[in-house]
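S.K.: I'd like to ask some things about the structure below.
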Amino acid sequence: MRLASARPVTLIGGAPAVARADLQQALRLAPVVAAADSGADTALSHGLMPAAVWGDFDSISARARAEIPAENQHPIAEQDSTDFEKCLARLDTPFVIALGFSGARHDHFLSALGVLARRIGPPCLLIAGEDVITLAPPRLTLDLAPGTRVSLFPMGPASGRSTGLKWPIDGLAFAPTGRSGTSNEATGPVTLECEGPMLLILPRSELPALAGAL
């Protein structure tokens with residue numbers, strides 16, 4: 001079952017600590033709630049009812065199964081994809097803000113970054129600690145204040161062009177085992193053109209600007 005929404009979706013994962021402030025920031029931009037497996041328990045703990053829950057249901061609680069309407073629950077038994085991927089592949093929405101997919105286990109977080117790099121489903125903005133992470137689209141313009149941290153991390157061979165960065169990326173070859181573009185800075189509004197899978201990492205405070213640009 002897919003969830004089609006004209007409004008953006010906040011997707012909640014099962015990491016043990018999802019801050020209310022992060023959730024409120026996400027919901028202001030993406031008011032529809034969905035959850036990945038035990039992320040349903042997190043949603044309920046914040047007084048939110050998920051419109052859809054996907055996953056292999058190996059960690060969702062019996063209480064959540066009882067409280068969430070059966071028609072909103074969509075167990076998927078196959079183990080060839082993660083719960084994060086299962087969710088993104090079934091969302092039809094302008095963009096997704098995901099939280100609760102980092103912090104507890106690094107293998108889960110690295111897997112989530114891999115899903116972003118494969119461009120599964122709608123554009124996805126992943127909140128992780130003090131950062132917001134997304135797969136850079138082919139072209140993006142952001143209105144950033146001078147000094148704003150702009151990091152680029154390749155998930156495969158990648159290249160790009162830029163304006164408004166302290167250290168331009170034009171003509172550089174990026175690769176996970178080679179050059180990365182972390183800790184660059186904006187000198188003002190930034191334009192990026194990227195070829196290949198490149199993650200864009202900004203301070204979490206830039207979530208509204210990034211959502212608007214996508």
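Lettering and numbering for the structure tokens are positional, with chains as A, B, ... in the shown order, residues counted from 1 in each chain, and ligands counted from 1 in the shown order.
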Hey, what's within 7 Å of Ile133 (chain A) if we count only C-alpha atoms and toss same-chain stuff fewer than 2 positions away? As an mmCIF file with all heavy atoms, in the first residue's frame, please?

M.R.:
data_model
loop_
_atom_site.group_PDB
_atom_site.id
_atom_site.type_symbol
_atom_site.label_atom_id
_atom_site.label_comp_id
_atom_site.auth_asym_id
_atom_site.auth_seq_id
_atom_site.Cartn_x
_atom_site.Cartn_y
_atom_site.Cartn_z
ATOM 1 N N LEU A 125 14.836 14.620 3.384
ATOM 2 C CA LEU A 125 15.715 15.402 4.241
ATOM 3 C C LEU A 125 15.829 14.662 5.561
ATOM 4 O O LEU A 125 14.836 14.503 6.284
ATOM 5 C CB LEU A 125 15.159 16.809 4.467
ATOM 6 C CG LEU A 125 15.082 17.740 3.250
ATOM 7 C CD1 LEU A 125 13.922 17.366 2.337
ATOM 8 C CD2 LEU A 125 14.912 19.181 3.693
ATOM 9 N N LEU A 126 17.009 14.187 5.864
ATOM 10 C CA LEU A 126 17.246 13.351 7.036
ATOM 11 C C LEU A 126 17.862 14.196 8.145
ATOM 12 O O LEU A 126 18.950 14.746 7.991
ATOM 13 C CB LEU A 126 18.189 12.205 6.659
ATOM 14 C CG LEU A 126 18.605 11.232 7.761
ATOM 15 C CD1 LEU A 126 17.402 10.481 8.315
ATOM 16 C CD2 LEU A 126 19.652 10.252 7.228
ATOM 17 N N ILE A 127 17.138 14.319 9.269
ATOM 18 C CA ILE A 127 17.668 15.026 10.429
ATOM 19 C C ILE A 127 18.535 14.055 11.236
ATOM 20 O O ILE A 127 18.085 12.966 11.598
ATOM 21 C CB ILE A 127 16.528 15.571 11.311
ATOM 22 C CG1 ILE A 127 15.726 16.632 10.550
ATOM 23 C CG2 ILE A 127 17.080 16.155 12.606
ATOM 24 C CD1 ILE A 127 14.513 17.152 11.303
ATOM 25 N N ASP A 131 22.644 18.145 12.130
ATOM 26 C CA ASP A 131 22.676 18.294 10.684
ATOM 27 C C ASP A 131 21.358 17.913 10.035
ATOM 28 O O ASP A 131 20.548 17.170 10.602
ATOM 29 C CB ASP A 131 23.769 17.389 10.091
ATOM 30 C CG ASP A 131 25.162 17.781 10.514
ATOM 31 O OD1 ASP A 131 25.413 18.995 10.690
ATOM 32 O OD2 ASP A 131 25.998 16.885 10.698
ATOM 33 N N LEU A 199 25.942 13.640 -1.241
ATOM 34 C CA LEU A 199 25.144 14.065 -0.103
ATOM 35 C C LEU A 199 25.477 15.503 0.253
ATOM 36 O O LEU A 199 26.648 15.890 0.318
ATOM 37 C CB LEU A 199 25.395 13.166 1.109
ATOM 38 C CG LEU A 199 24.992 11.702 0.974
ATOM 39 C CD1 LEU A 199 25.293 10.959 2.278
ATOM 40 C CD2 LEU A 199 23.527 11.556 0.604
ATOM 41 N N LEU A 200 24.437 16.289 0.489
ATOM 42 C CA LEU A 200 24.575 17.671 0.940
ATOM 43 C C LEU A 200 24.221 17.709 2.418
ATOM 44 O O LEU A 200 23.154 17.237 2.820
ATOM 45 C CB LEU A 200 23.641 18.573 0.142
ATOM 46 C CG LEU A 200 23.465 20.010 0.634
ATOM 47 C CD1 LEU A 200 24.786 20.780 0.560
ATOM 48 C CD2 LEU A 200 22.367 20.708 -0.173
ATOM 49 N N ILE A 201 25.127 18.254 3.229
ATOM 50 C CA ILE A 201 24.957 18.273 4.683
ATOM 51 C C ILE A 201 25.022 19.719 5.146
ATOM 52 O O ILE A 201 26.029 20.412 4.936
ATOM 53 C CB ILE A 201 26.048 17.433 5.379
ATOM 54 C CG1 ILE A 201 26.097 16.018 4.785
ATOM 55 C CG2 ILE A 201 25.806 17.374 6.881
ATOM 56 C CD1 ILE A 201 27.307 15.206 5.217
ATOM 57 N N LEU A 202 23.947 20.176 5.776
ATOM 58 C CA LEU A 202 23.838 21.554 6.255
ATOM 59 C C LEU A 202 23.497 21.554 7.741
ATOM 60 O O LEU A 202 23.004 20.561 8.272
ATOM 61 C CB LEU A 202 22.734 22.296 5.498
ATOM 62 C CG LEU A 202 22.901 22.488 3.991
ATOM 63 C CD1 LEU A 202 21.622 23.089 3.405
ATOM 64 C CD2 LEU A 202 24.095 23.373 3.681
#

S.K.: Mind listing the helix (DSSP H, G or I) residues of chain A, per DSSP on the backbone, as a PyMOL selection string?

M.R.: chain A and resi 20-29+39-45+62-67+70-72+83-88+106-117+204-213

S.K.: Write out as a PyMOL selection string the residues lying within 7 Å of Arg149 (chain A), counting only C-alpha atoms and excluding same-chain residues fewer than 3 positions away.

M.R.: chain A and resi 183-186+202-203

S.K.: Store the residues picked out above, limited to C-alpha atoms, as a PDB file, in the first residue's frame.

M.R.:
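Below is the file result.pdb, written as the result:
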ATOM      1  CA  SER A 183      33.406  21.872   5.965  1.00  0.00           C
ATOM      2  CA  ASN A 184      33.066  24.249   3.039  1.00  0.00           C
ATOM      3  CA  GLU A 185      31.402  27.626   3.682  1.00  0.00           C
ATOM      4  CA  ALA A 186      28.834  29.783   1.977  1.00  0.00           C
ATOM      5  CA  LEU A 202      23.838  21.554   6.255  1.00  0.00           C
ATOM      6  CA  PRO A 203      23.241  22.779   9.804  1.00  0.00           C
TER       7      PRO A 203
END

S.K.: Any chance you could list, as a ChimeraX atom specification, the residues in region 2-196 of chain A that come up strand (DSSP E) when DSSP is run on the backbone?

M.R.: /A:3-4,9-12,32-36,52-55,73-75,91-92,96-99,124-128,131-135,139-142,149-154,159-165,181-195

S.K.: Would you please work out which residue, of A:Lys166, A:Arg20, A:Arg90, A:Arg63, is nearest to Thr148 (chain A) when using only C-alpha atoms?

M.R.: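 Among A:Lys166, A:Arg20, A:Arg90, A:Arg63, it is A:Lys166 that comes nearest to Thr148 (chain A).
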
S.K.: Do you have, as CSV, the list of residues of region 95-151 of chain A lying at most 8 Å from region 5-19 of chain A, each with its nearest atom pair and that distance in Å to one decimal, counting only C-alpha atoms and ordered by chain then number?

M.R.:
residue,atom,partner,partner_atom,distance
A:Phe95,CA,A:Pro8,CA,5.2
A:Val96,CA,A:Val9,CA,4.9
A:Ile97,CA,A:Thr10,CA,4.8
A:Ala98,CA,A:Leu11,CA,4.7
A:Leu99,CA,A:Ile12,CA,5.3
A:Gly100,CA,A:Gly13,CA,4.2
A:Phe101,CA,A:Gly13,CA,5.2
A:Ser102,CA,A:Ala15,CA,6.4
A:Gly103,CA,A:Ala15,CA,6.7
A:Ala104,CA,A:Ala15,CA,5.8

S.K.: Could you pull the residues within 10 Å of Ala136 (chain A), counting only C-alpha atoms, minus those fewer than 2 positions along the same chain, as a list in words?

M.R.: Leu116, Ala117, Arg119, Pro123, Ile133, Thr134, Pro138, Arg139, Leu140, Leu152, Phe153, Pro154, Leu192, Glu193, Cys194, Glu195, Gly196, Pro197, Met198, Leu199, Leu200, Ile201 and Leu214 of chain A
